[in-house]
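Peer 1: File follows, upload_33.cif with mmCIF, C-alpha atoms:
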```
data_final
loop_
_atom_site.label_atom_id
_atom_site.label_comp_id
_atom_site.auth_asym_id
_atom_site.auth_seq_id
_atom_site.Cartn_x
_atom_site.Cartn_y
_atom_site.Cartn_z
CA MET A 1 45.57 17.14 -9.27
CA THR A 2 42.92 14.49 -8.82
CA TYR A 3 39.32 15.13 -9.82
CA LEU A 4 38.18 15.67 -6.23
CA ASN A 5 41.01 18.12 -5.58
CA GLN A 6 39.87 20.11 -8.60
CA VAL A 7 36.30 20.16 -7.32
CA PHE A 8 37.38 21.31 -3.88
CA ALA A 9 39.75 23.91 -5.30
CA MET A 10 36.86 25.37 -7.29
CA ALA A 11 34.48 25.31 -4.31
CA GLY A 12 37.16 26.80 -2.05
CA LYS A 13 37.85 29.63 -4.48
CA ASP A 14 34.16 30.53 -4.72
CA LEU A 15 33.61 30.36 -0.98
CA ARG A 16 36.71 32.45 -0.23
CA SER A 17 35.74 35.18 -2.63
CA GLU A 18 32.17 35.21 -1.34
CA LEU A 19 33.09 35.17 2.34
CA ARG A 20 35.54 38.05 1.82
CA THR A 21 33.01 40.33 0.14
CA LYS A 22 29.78 38.75 1.51
CA GLU A 23 27.84 40.58 -1.19
CA ALA A 24 25.44 37.73 -2.10
CA LEU A 25 25.30 36.39 1.45
CA ASN A 26 24.30 39.70 3.02
CA ALA A 27 21.71 40.48 0.36
CA SER A 28 20.25 37.01 0.54
CA LEU A 29 20.11 36.95 4.32
CA SER A 30 18.40 40.31 4.68
CA PHE A 31 15.96 39.31 1.96
CA ALA A 32 15.18 36.08 3.82
CA VAL A 33 14.50 37.95 7.07
CA VAL A 34 12.21 40.39 5.26
CA ILE A 35 10.16 37.52 3.81
CA LEU A 36 10.02 35.82 7.21
CA LEU A 37 8.62 39.07 8.57
CA LEU A 38 6.06 39.34 5.77
CA PHE A 39 4.71 35.89 6.56
CA SER A 40 3.47 37.13 9.93
CA PHE A 41 0.85 39.06 7.93
CA VAL A 42 -0.09 36.06 5.83
CA VAL A 43 -1.20 33.87 8.73
CA ASP A 44 -1.99 34.67 12.33
CA PRO A 45 1.43 34.10 13.98
CA ASP A 46 -0.14 32.58 17.09
CA SER A 47 -2.45 30.16 15.35
CA GLU A 48 -2.04 26.41 14.99
CA MET A 49 -2.22 26.84 11.25
CA LEU A 50 1.28 28.26 11.29
CA GLU A 51 2.75 24.94 12.32
CA GLN A 52 0.93 23.19 9.50
CA MET A 53 2.31 25.72 7.04
CA SER A 54 5.81 25.98 8.49
CA GLY A 55 7.52 23.72 5.96
CA GLY A 56 5.95 25.57 3.05
CA LEU A 57 6.80 29.00 4.46
CA LEU A 58 10.41 28.10 5.19
CA TRP A 59 11.08 26.57 1.78
CA MET A 60 9.53 29.57 0.06
CA VAL A 61 12.02 31.72 1.96
CA PHE A 62 14.92 29.46 0.99
CA ALA A 63 13.84 29.28 -2.64
CA PHE A 64 13.50 33.06 -2.91
CA SER A 65 16.67 34.01 -1.10
CA GLY A 66 18.56 31.08 -2.62
CA THR A 67 18.17 32.45 -6.13
CA LEU A 68 20.05 35.59 -5.08
CA ILE A 69 23.01 33.38 -4.24
CA LEU A 70 22.61 31.16 -7.30
CA ASN A 71 22.52 34.20 -9.56
CA ARG A 72 25.92 35.29 -8.29
CA GLY A 73 27.48 31.86 -8.87
CA PHE A 74 28.47 32.41 -12.47
CA ALA A 75 27.85 36.17 -12.64
CA ARG A 76 30.78 36.58 -10.23
CA GLU A 77 33.09 35.36 -13.01
CA LEU A 78 32.00 37.92 -15.59
CA PRO A 79 34.18 40.93 -14.67
CA ASN A 80 37.74 40.72 -16.06
CA ASP A 81 36.69 37.73 -18.22
CA CYS A 82 37.29 35.33 -15.34
CA LEU A 83 34.84 32.85 -16.84
CA ASP A 84 36.96 32.48 -19.97
CA ALA A 85 40.04 31.92 -17.82
CA LEU A 86 38.21 29.26 -15.82
CA ILE A 87 37.05 27.50 -18.97
CA ALA A 88 40.59 27.59 -20.33
CA SER A 89 42.01 26.16 -17.11
CA PRO A 90 42.98 22.46 -17.22
CA ILE A 91 39.98 21.13 -15.26
CA PRO A 92 36.97 19.35 -16.74
CA GLY A 93 33.67 21.23 -16.98
CA SER A 94 31.98 18.82 -14.60
CA ALA A 95 34.58 19.55 -11.88
CA LEU A 96 34.00 23.26 -12.36
CA PHE A 97 30.26 22.69 -12.10
CA LEU A 98 30.44 20.44 -9.03
CA GLY A 99 32.75 22.88 -7.27
CA LYS A 100 30.43 25.79 -7.93
CA ALA A 101 27.39 23.75 -6.91
CA MET A 102 29.15 22.85 -3.66
CA ALA A 103 29.95 26.47 -2.91
CA ASN A 104 26.33 27.43 -3.60
CA PHE A 105 25.19 24.57 -1.39
CA VAL A 106 27.29 25.83 1.53
CA LEU A 107 26.08 29.41 1.10
CA ILE A 108 22.39 28.45 0.97
CA ALA A 109 22.95 26.13 3.94
CA ILE A 110 24.33 29.12 5.90
CA ILE A 111 21.13 31.05 5.13
CA GLU A 112 19.05 28.09 6.28
CA ALA A 113 21.07 27.63 9.45
CA ILE A 114 20.29 31.24 10.37
CA CYS A 115 16.65 31.20 9.21
CA PHE A 116 15.55 28.11 11.14
CA PRO A 117 16.31 29.56 14.61
CA VAL A 118 15.01 33.01 13.61
CA PHE A 119 11.80 31.39 12.45
CA GLY A 120 11.56 29.39 15.69
CA ILE A 121 12.03 32.51 17.80
CA LEU A 122 9.75 34.85 15.84
CA TYR A 123 6.90 32.38 15.56
CA ASN A 124 7.38 30.65 18.88
CA LEU A 125 7.87 27.15 17.49
CA THR A 126 9.99 24.29 18.80
CA TRP A 127 11.62 23.00 15.66
CA THR A 128 14.56 21.06 17.07
CA THR A 129 12.91 17.81 18.19
CA GLN A 130 13.88 15.98 14.99
CA LEU A 131 17.01 18.02 14.31
CA PRO A 132 19.34 15.41 12.72
CA VAL A 133 16.67 14.18 10.30
CA LEU A 134 15.63 17.76 9.53
CA MET A 135 19.25 18.58 8.70
CA GLY A 136 19.44 15.58 6.38
CA VAL A 137 16.25 16.53 4.55
CA SER A 138 17.38 20.14 4.25
CA ALA A 139 20.73 19.03 2.87
CA LEU A 140 19.06 16.91 0.18
CA ALA A 141 16.66 19.68 -0.87
CA THR A 142 19.40 22.31 -0.76
CA TRP A 143 21.57 20.18 -3.04
CA ALA A 144 18.63 19.96 -5.46
CA MET A 145 18.45 23.76 -5.49
CA ALA A 146 22.22 24.15 -5.77
CA THR A 147 22.67 21.71 -8.65
CA LEU A 148 19.77 23.00 -10.79
CA GLY A 149 20.55 26.59 -9.86
CA THR A 150 24.22 26.30 -10.80
CA MET A 151 23.40 24.62 -14.08
CA PHE A 152 20.84 27.23 -15.05
CA GLY A 153 23.15 29.95 -13.79
CA ALA A 154 25.57 28.74 -16.46
CA LEU A 155 22.80 28.79 -19.07
CA THR A 156 21.66 32.32 -18.28
CA VAL A 157 24.98 33.96 -17.39
CA ASN A 158 25.27 35.95 -20.61
CA MET A 159 21.70 37.19 -20.65
CA GLN A 160 20.60 40.72 -19.89
CA LEU A 161 17.58 39.61 -17.88
CA ARG A 162 19.65 37.06 -15.94
CA GLU A 163 18.27 37.89 -12.50
CA LEU A 164 14.73 37.40 -13.78
CA MET A 165 15.32 34.39 -16.01
CA LEU A 166 16.94 32.15 -13.39
CA PRO A 167 13.97 31.99 -11.00
CA MET A 168 11.56 31.82 -13.92
CA LEU A 169 13.37 28.73 -15.21
CA ILE A 170 14.25 26.89 -12.02
CA TYR A 171 11.13 27.27 -9.86
CA PRO A 172 8.85 25.14 -12.06
CA MET A 173 11.56 22.50 -12.42
CA LEU A 174 12.27 22.47 -8.69
CA ILE A 175 8.65 21.83 -7.75
CA PRO A 176 9.02 18.08 -7.06
CA ALA A 177 11.99 18.70 -4.76
CA LEU A 178 10.39 21.70 -3.05
CA MET A 179 7.13 19.80 -2.63
CA ALA A 180 8.96 16.93 -0.94
CA ALA A 181 10.99 19.28 1.26
CA MET A 182 7.87 21.17 2.34
CA GLN A 183 5.98 17.98 3.26
CA LEU A 184 8.88 16.55 5.23
CA THR A 185 9.85 19.78 6.98
CA THR A 186 6.30 20.36 8.20
CA LEU A 187 6.22 16.83 9.54
CA LEU A 188 9.59 17.12 11.26
CA ILE A 189 8.89 20.53 12.79
CA ALA A 190 5.72 19.05 14.28
CA GLY A 191 8.07 16.60 15.99
CA GLN A 192 6.96 13.48 14.16
CA PRO A 193 9.34 10.92 12.61
CA ILE A 194 9.19 10.12 8.89
CA ASP A 195 6.64 7.31 8.72
CA ALA A 196 5.88 4.80 5.97
CA GLU A 197 3.43 7.22 4.35
CA HIS A 198 6.03 9.99 4.00
CA ILE A 199 9.08 7.91 3.08
CA ILE A 200 8.08 8.35 -0.57
CA TRP A 201 8.98 12.05 -0.34
CA LEU A 202 12.45 11.17 0.86
CA ARG A 203 12.80 8.94 -2.19
CA VAL A 204 11.64 11.77 -4.43
CA LEU A 205 14.37 13.99 -3.00
CA VAL A 206 17.12 11.41 -3.41
CA ALA A 207 16.03 10.50 -6.95
CA PHE A 208 15.79 14.18 -7.91
CA ASP A 209 19.31 14.85 -6.64
CA ILE A 210 20.83 11.88 -8.42
CA ILE A 211 19.08 12.40 -11.77
CA PHE A 212 19.69 16.11 -12.09
CA THR A 213 23.25 16.06 -10.77
CA ALA A 214 24.13 13.41 -13.32
CA LEU A 215 22.34 15.24 -16.14
CA ALA A 216 23.99 18.54 -15.27
CA ALA A 217 27.47 17.02 -14.92
CA VAL A 218 27.14 15.50 -18.39
CA LEU A 219 25.74 18.59 -20.12
CA VAL A 220 27.65 21.40 -18.43
CA GLU A 221 30.72 21.01 -20.61
CA THR A 222 28.54 21.65 -23.67
CA VAL A 223 27.07 24.76 -22.12
CA LEU A 224 30.40 26.27 -21.08
CA VAL A 225 32.60 25.30 -24.01
CA GLY A 226 30.07 24.83 -26.80
CA MET B 1 7.11 21.23 -53.80
CA ARG B 2 7.49 21.29 -50.03
CA ASP B 3 4.98 24.14 -49.78
CA LYS B 4 2.48 22.21 -51.87
CA ILE B 5 2.74 19.16 -49.61
CA ILE B 6 2.25 21.31 -46.51
CA PHE B 7 -0.71 23.03 -48.14
CA GLY B 8 -2.26 19.72 -49.21
CA ALA B 9 -1.83 18.20 -45.75
CA GLY B 10 -3.38 21.32 -44.21
CA ILE B 11 -6.44 21.05 -46.47
CA PHE B 12 -6.75 17.38 -45.63
CA ALA B 13 -6.53 18.08 -41.89
CA ALA B 14 -9.24 20.75 -42.19
CA LEU B 15 -11.58 18.41 -44.08
CA TYR B 16 -10.90 15.69 -41.57
CA PHE B 17 -11.79 17.99 -38.69
CA ILE B 18 -15.06 18.92 -40.42
CA ARG B 19 -15.90 15.25 -40.86
CA ASN B 20 -15.05 14.58 -37.18
CA LEU B 21 -17.14 17.52 -36.00
CA TYR B 22 -20.07 16.23 -38.01
CA VAL B 23 -19.85 12.84 -36.30
CA ILE B 24 -19.20 14.29 -32.85
CA LEU B 25 -22.02 16.82 -32.94
CA LEU B 26 -24.67 15.08 -35.01
CA GLN B 27 -24.15 11.33 -34.86
CA LEU B 28 -22.80 10.35 -31.45
CA PRO B 29 -25.39 10.23 -28.66
CA ASP B 30 -25.05 12.12 -25.38
CA GLU B 31 -23.03 10.38 -22.70
CA ALA B 32 -25.10 8.55 -20.07
CA MET B 33 -23.77 10.44 -17.01
CA GLN B 34 -22.45 13.73 -18.35
CA GLY B 35 -24.86 14.60 -21.12
CA ALA B 36 -23.64 16.72 -23.99
CA VAL B 37 -20.52 18.20 -22.41
CA TYR B 38 -18.47 15.00 -22.72
CA ARG B 39 -17.88 15.93 -26.37
CA ILE B 40 -15.21 18.37 -25.29
CA PHE B 41 -13.14 15.32 -24.38
CA PHE B 42 -12.48 14.78 -28.09
CA PHE B 43 -10.65 18.12 -28.00
CA HIS B 44 -9.04 17.52 -24.62
CA LEU B 45 -7.09 14.27 -24.82
CA PRO B 46 -5.91 14.40 -28.49
CA PRO B 47 -4.15 17.79 -28.20
CA TYR B 48 -2.51 16.56 -25.01
CA PHE B 49 -1.06 13.55 -26.81
CA ALA B 50 0.03 15.72 -29.71
CA ALA B 51 1.73 18.12 -27.27
CA VAL B 52 3.60 15.24 -25.63
CA PHE B 53 4.80 14.13 -29.06
CA CYS B 54 5.97 17.68 -29.76
CA PHE B 55 7.92 17.96 -26.50
CA LEU B 56 9.44 14.52 -26.95
CA GLY B 57 10.40 15.42 -30.51
CA ALA B 58 11.92 18.70 -29.30
CA ALA B 59 13.99 16.91 -26.66
CA ILE B 60 15.30 14.35 -29.17
CA ALA B 61 16.05 17.05 -31.74
CA SER B 62 17.86 19.06 -29.05
CA GLY B 63 20.04 16.07 -28.22
CA MET B 64 20.76 15.61 -31.91
CA TYR B 65 21.64 19.29 -32.23
CA LEU B 66 24.16 19.07 -29.40
CA LYS B 67 25.68 16.03 -31.06
CA THR B 68 25.80 17.24 -34.66
CA LYS B 69 25.49 21.05 -34.39
CA ARG B 70 23.25 21.06 -37.46
CA TRP B 71 20.85 24.01 -37.60
CA HIS B 72 18.00 21.94 -38.82
CA TYR B 73 17.55 20.21 -35.46
CA ASP B 74 17.42 23.52 -33.64
CA VAL B 75 14.81 24.79 -36.07
CA PHE B 76 12.75 21.67 -35.46
CA ALA B 77 13.13 21.91 -31.67
CA VAL B 78 11.85 25.48 -31.44
CA SER B 79 9.01 24.85 -33.90
CA ALA B 80 7.85 21.71 -32.10
CA THR B 81 8.02 23.40 -28.71
CA GLU B 82 5.95 26.36 -29.84
CA VAL B 83 3.27 24.17 -31.42
CA GLY B 84 3.33 21.88 -28.37
CA LEU B 85 2.78 24.87 -26.10
CA ALA B 86 -0.29 25.90 -28.10
CA LEU B 87 -1.66 22.35 -28.00
CA ALA B 88 -1.03 22.11 -24.25
CA ALA B 89 -2.94 25.38 -23.85
CA ILE B 90 -5.91 23.86 -25.74
CA ASN B 91 -5.73 20.88 -23.40
CA LEU B 92 -5.74 23.11 -20.31
CA VAL B 93 -8.55 25.36 -21.52
CA THR B 94 -10.88 22.56 -22.66
CA GLY B 95 -10.23 20.77 -19.36
CA MET B 96 -11.17 23.90 -17.44
CA ILE B 97 -14.40 24.34 -19.37
CA TRP B 98 -15.31 20.72 -18.71
CA GLY B 99 -14.38 21.10 -15.02
CA ARG B 100 -16.60 24.16 -14.68
CA GLN B 101 -19.53 22.19 -16.08
CA GLN B 102 -18.96 18.93 -14.24
CA TRP B 103 -17.24 19.91 -11.00
CA GLY B 104 -18.62 23.44 -10.76
CA ILE B 105 -15.10 24.91 -10.60
CA TRP B 106 -12.68 26.15 -13.24
CA TRP B 107 -9.60 24.87 -11.56
CA THR B 108 -8.54 22.50 -8.82
CA TRP B 109 -5.04 21.70 -7.59
CA ASP B 110 -5.34 18.12 -8.64
CA ALA B 111 -2.18 16.18 -9.53
CA ARG B 112 -2.68 16.07 -13.28
CA LEU B 113 -3.90 19.63 -13.56
CA THR B 114 -0.93 20.87 -11.55
CA SER B 115 1.54 18.84 -13.59
CA ALA B 116 0.04 20.07 -16.85
CA LEU B 117 0.32 23.68 -15.71
CA ILE B 118 3.92 23.20 -14.54
CA THR B 119 4.79 21.61 -17.89
CA TRP B 120 3.31 24.58 -19.67
CA LEU B 121 5.33 27.02 -17.55
CA ILE B 122 8.58 25.08 -18.05
CA TYR B 123 8.24 25.22 -21.82
CA LEU B 124 7.22 28.86 -21.66
CA GLY B 125 10.58 29.36 -19.91
CA TYR B 126 12.22 27.68 -22.90
CA LEU B 127 10.77 30.27 -25.28
CA MET B 128 11.71 33.10 -22.92
CA LEU B 129 15.30 31.84 -22.79
CA ARG B 130 15.43 31.87 -26.59
CA GLU B 131 14.11 35.42 -26.66
CA GLY B 132 16.82 36.56 -24.29
CA ILE B 133 19.93 35.27 -26.08
CA LYS B 134 21.14 37.26 -29.07
CA ASP B 135 23.93 35.09 -30.44
CA PRO B 136 22.32 32.38 -32.64
CA SER B 137 24.70 29.53 -31.86
CA GLU B 138 24.66 30.20 -28.14
CA ARG B 139 20.88 30.43 -28.27
CA ALA B 140 20.63 27.08 -30.03
CA LYS B 141 23.07 25.40 -27.66
CA ASN B 142 21.61 26.72 -24.41
CA SER B 143 18.01 26.13 -25.37
CA ALA B 144 18.87 22.59 -26.48
CA VAL B 145 20.27 21.88 -23.02
CA LEU B 146 17.18 23.43 -21.44
CA SER B 147 14.88 21.33 -23.60
CA ILE B 148 16.54 18.13 -22.40
CA PHE B 149 16.31 19.26 -18.78
CA ALA B 150 12.70 20.26 -19.29
CA PHE B 151 11.73 16.83 -20.55
CA PHE B 152 13.24 15.12 -17.52
CA ALA B 153 11.65 17.67 -15.19
CA VAL B 154 8.24 17.15 -16.76
CA TYR B 155 8.48 13.39 -16.37
CA PHE B 156 9.61 13.80 -12.79
CA THR B 157 6.79 16.21 -12.00
CA TYR B 158 4.19 13.75 -13.27
CA LYS B 159 5.68 10.96 -11.17
CA ALA B 160 5.95 13.09 -8.04
CA ASN B 161 2.38 14.32 -8.39
CA GLU B 162 0.99 10.83 -8.73
CA TRP B 163 1.01 10.30 -4.98
CA TYR B 164 -1.33 13.20 -4.38
CA ARG B 165 -4.91 12.10 -4.38
CA THR B 166 -6.32 12.82 -7.76
CA GLN B 167 -9.68 14.23 -8.75
CA HIS B 168 -9.05 13.86 -12.47
CA PRO B 169 -11.03 11.05 -14.17
CA GLY B 170 -9.00 7.86 -14.65
CA PRO B 171 -8.06 6.31 -17.98
CA VAL B 172 -10.94 5.32 -20.27
CA LEU B 173 -9.27 3.88 -23.37
CA THR B 174 -9.40 0.10 -23.76
CA ILE B 175 -5.62 -0.14 -24.18
CA ARG B 176 -5.16 1.51 -20.76
CA THR B 177 -7.95 -0.16 -18.78
CA GLY B 178 -8.05 -3.59 -20.47
CA LYS B 179 -11.86 -3.52 -20.17
CA ASN B 180 -14.66 -2.25 -22.33
CA THR B 181 -15.58 0.78 -20.28
CA ILE B 182 -15.96 3.08 -23.25
CA ASP B 183 -18.48 2.90 -26.08
CA PRO B 184 -16.66 1.60 -29.22
CA ALA B 185 -18.08 4.40 -31.36
CA MET B 186 -16.81 7.04 -28.92
CA GLN B 187 -13.40 5.37 -28.68
CA ALA B 188 -13.15 5.21 -32.48
CA MET B 189 -14.04 8.91 -32.61
CA LEU B 190 -11.30 9.68 -30.12
CA PHE B 191 -8.71 7.98 -32.32
CA HIS B 192 -10.05 9.79 -35.39
CA ASN B 193 -9.66 13.12 -33.67
CA LEU B 194 -6.23 12.13 -32.36
CA PHE B 195 -5.17 11.44 -35.91
CA ALA B 196 -6.62 14.78 -37.05
CA PHE B 197 -4.73 16.61 -34.32
CA LEU B 198 -1.47 14.82 -35.12
CA LEU B 199 -1.86 15.77 -38.76
CA LEU B 200 -2.56 19.37 -37.80
CA THR B 201 0.52 19.28 -35.57
CA VAL B 202 2.72 18.09 -38.41
CA VAL B 203 1.38 20.85 -40.66
CA LEU B 204 1.86 23.55 -38.03
CA VAL B 205 5.38 22.40 -37.19
CA ALA B 206 6.25 22.36 -40.91
CA VAL B 207 4.86 25.89 -41.38
CA ARG B 208 6.69 27.13 -38.30
CA MET B 209 9.95 25.54 -39.53
CA ARG B 210 9.52 27.26 -42.87
CA LEU B 211 9.02 30.56 -41.06
CA GLU B 212 12.11 29.98 -38.91
CA ASP B 213 14.17 29.12 -41.99
CA SER B 214 13.18 32.35 -43.76
CA GLN B 215 13.78 34.33 -40.59
CA ARG B 216 17.31 32.96 -40.41
CA ALA B 217 17.87 33.63 -44.10
CA VAL B 218 16.85 37.25 -43.57
CA GLU B 219 19.12 37.52 -40.54
CA SER B 220 22.14 36.20 -42.38
CA LEU B 221 21.48 38.50 -45.34
CA ARG B 222 21.30 41.44 -42.96
CA ARG B 223 24.59 40.42 -41.36
CA ARG B 224 26.23 40.14 -44.77
CA ALA B 225 24.89 43.57 -45.72
CA HIS B 226 26.40 45.01 -42.55
CA ALA B 227 29.72 43.35 -43.33
CA VAL B 228 29.82 44.86 -46.81
CA ALA B 229 28.64 48.35 -45.87
#
```
Have the structure of the file written as structure tokens, please.
Peer 2:
Amino acid sequence: MTYLNQVFAMAGKDLRSELRTKEALNASLSFAVVILLLFSFVVDPDSEMLEQMSGGLLWMVFAFSGTLILNRGFARELPNDCLDALIASPIPGSALFLGKAMANFVLIAIIEAICFPVFGILYNLTWTTQLPVLMGVSALATWAMATLGTMFGALTVNMQLRELMLPMLIYPMLIPALMAAMQLTTLLIAGQPIDAEHIIWLRVLVAFDIIFTALAAVLVETVLVG
Amino acid sequence: MRDKIIFGAGIFAALYFIRNLYVILLQLPDEAMQGAVYRIFFFHLPPYFAAVFCFLGAAIASGMYLKTKRWHYDVFAVSATEVGLALAAINLVTGMIWGRQQWGIWWTWDARLTSALITWLIYLGYLMLREGIKDPSERAKNSAVLSIFAFFAVYFTYKANEWYRTQHPGPVLTIRTGKNTIDPAMQAMLFHNLFAFLLLTVVLVAVRMRLEDSQRAVESLRRRAHAVA
């Protein structure tokens, strides 16, 4: 089995088991909708201010509901000692990590794909004018969440306060990526292209993804095996 | 012997701080624009530098721990992080007091202030992670990985925040600006206090390491007692 096959096998396994039970997906999605609803009390839904805040609001929703999915990533392997079996299986730790990160990426992307139109409908915003670019930006930021979230999911999997520790650890670290995603999403929802002034945020996202994916892929073996 | 050295260094640091306070409060004149309040700067920048040294030291020690699995590095990493967190808190608080006096506000979401607060929260997460893991070797391993991540994240946060317009005063030291924008006596004082803070940091880290060592000795004795009983 080549390295990529191992990664895809891992991602496929996680996605299959999640899509059959849908336990994290359902919880995360209903949570996201509840937060979207709550935002209507934060700002006047009909005001212009909403458009200026849209990127921030949306990425808060994704960050909050995303952690529900990220928490399940490794916790899913705890019953029946599945994690030990996975570690004992003949695939490198980095392949295991990348596969799980990919599965988390797809699941968070599903939440986003549902939340964007719901947001557009509830708050009466046209958000599709820059759709391809918006999808690219979302993909970059979602990968940032998935890679850090999966890594820290591995770090916290054996803790009692797991569900609390993961957000506490990853939110401060994710701030550069979330900041960039919020800036760019607001711009793109307003229908403007990414200009010279904002290109720096795109660079932040790309650099963040590369640095932390590499760091996690190197260190994950240590975390899992010891 | 080790205790005596720590004790001696502590006494020296205390005397040094008294000497510095004497110069800061009684000998240096008020600053031309800010008046008396600028003196807090001597307790604002030095702890920040000392905290950066602590976090850097913790990250390096964490890497060494992962490589060698020797307890000593883990002990150093946790001690340095705790002391660094306290120093970073001093930096934040003195900055806020100065801001209240000069800007009229305690806090502003300026790039450097935000980064400093994020840094503080990230390392607080490190200590919380340690609290939450019972098994000593797993605790050491996982927190070492977190410490390395934290250092990268902190660097990244500072870089990413640089593009926000900043309200924080720019660099004043001659080595940063290349010009003589700061009074030589005040600059000398800053280095004196930096040295005092670094010395204090070394003492505190050494004391904290001693505490951690005894704590581990007690733990292992307790485990052995359980095994026998």
Peer 1: Translate the PyMOL selection byres ((chain B and resi 118) around 9), as applied to the file shown, into an explicit residue set as a list in words.
Peer 2: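 Taken over the shown coordinates, the PyMOL selection byres ((chain B and resi 118) around 9) returns Pro172, Met173 and Ile175 of chain A; Leu113, Thr114, Ser115, Ala116, Leu117, Thr119, Trp120, Leu121, Ile122, Tyr123, Val154 and Thr157 of chain B.
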Peer 1: Would you mind listing, as a PyMOL selection string, all residues of chain A that have at least one atom within 12 Å of chain B, where only C-alpha atoms are what counts?
Peer 2: chain A and resi 148+151-180+183+197-205+207-209+211-226
Peer 1: For a cutoff of 8 Å around the file-coordinate point (11.1, 19.6, -29.5), which residues qualify once you count only C-alpha atoms? I'd like the result as a PyMOL selection string.
Peer 2: chain B and resi 54-62+76-81+147
Peer 1: So which residues get picked by the PyMOL selection byres ((chain A and resi 14) around 12) here, written as a PyMOL selection string?
Peer 2: chain A and resi 7-13+15-22+24+69-70+72-77+86+96-107
Peer 1: Do a neighbour search on A:Phe39 at 12 Å with only C-alpha atoms, toss out local chain neighbours closer than 2 positions, and write the hits as a ChimeraX atom specification.
Peer 2: /A:32-37,41-45,50,53-54,56-58,60-61,119,122-123
Peer 1: Pull out every residue that the PyMOL selection byres ((chain B and resi 30-34) around 12) matches in the shown coordinates and put them as a VMD selection string.
Peer 2: chain B and resid 24 to 29 35 to 41 98 to 99 101 to 103 182 to 183 185 to 186
Peer 1: How far is it from atom CA of B:Gly10 to atom CA of B:Ala140, in Å with one decimal?
Peer 2: 28.5 Å
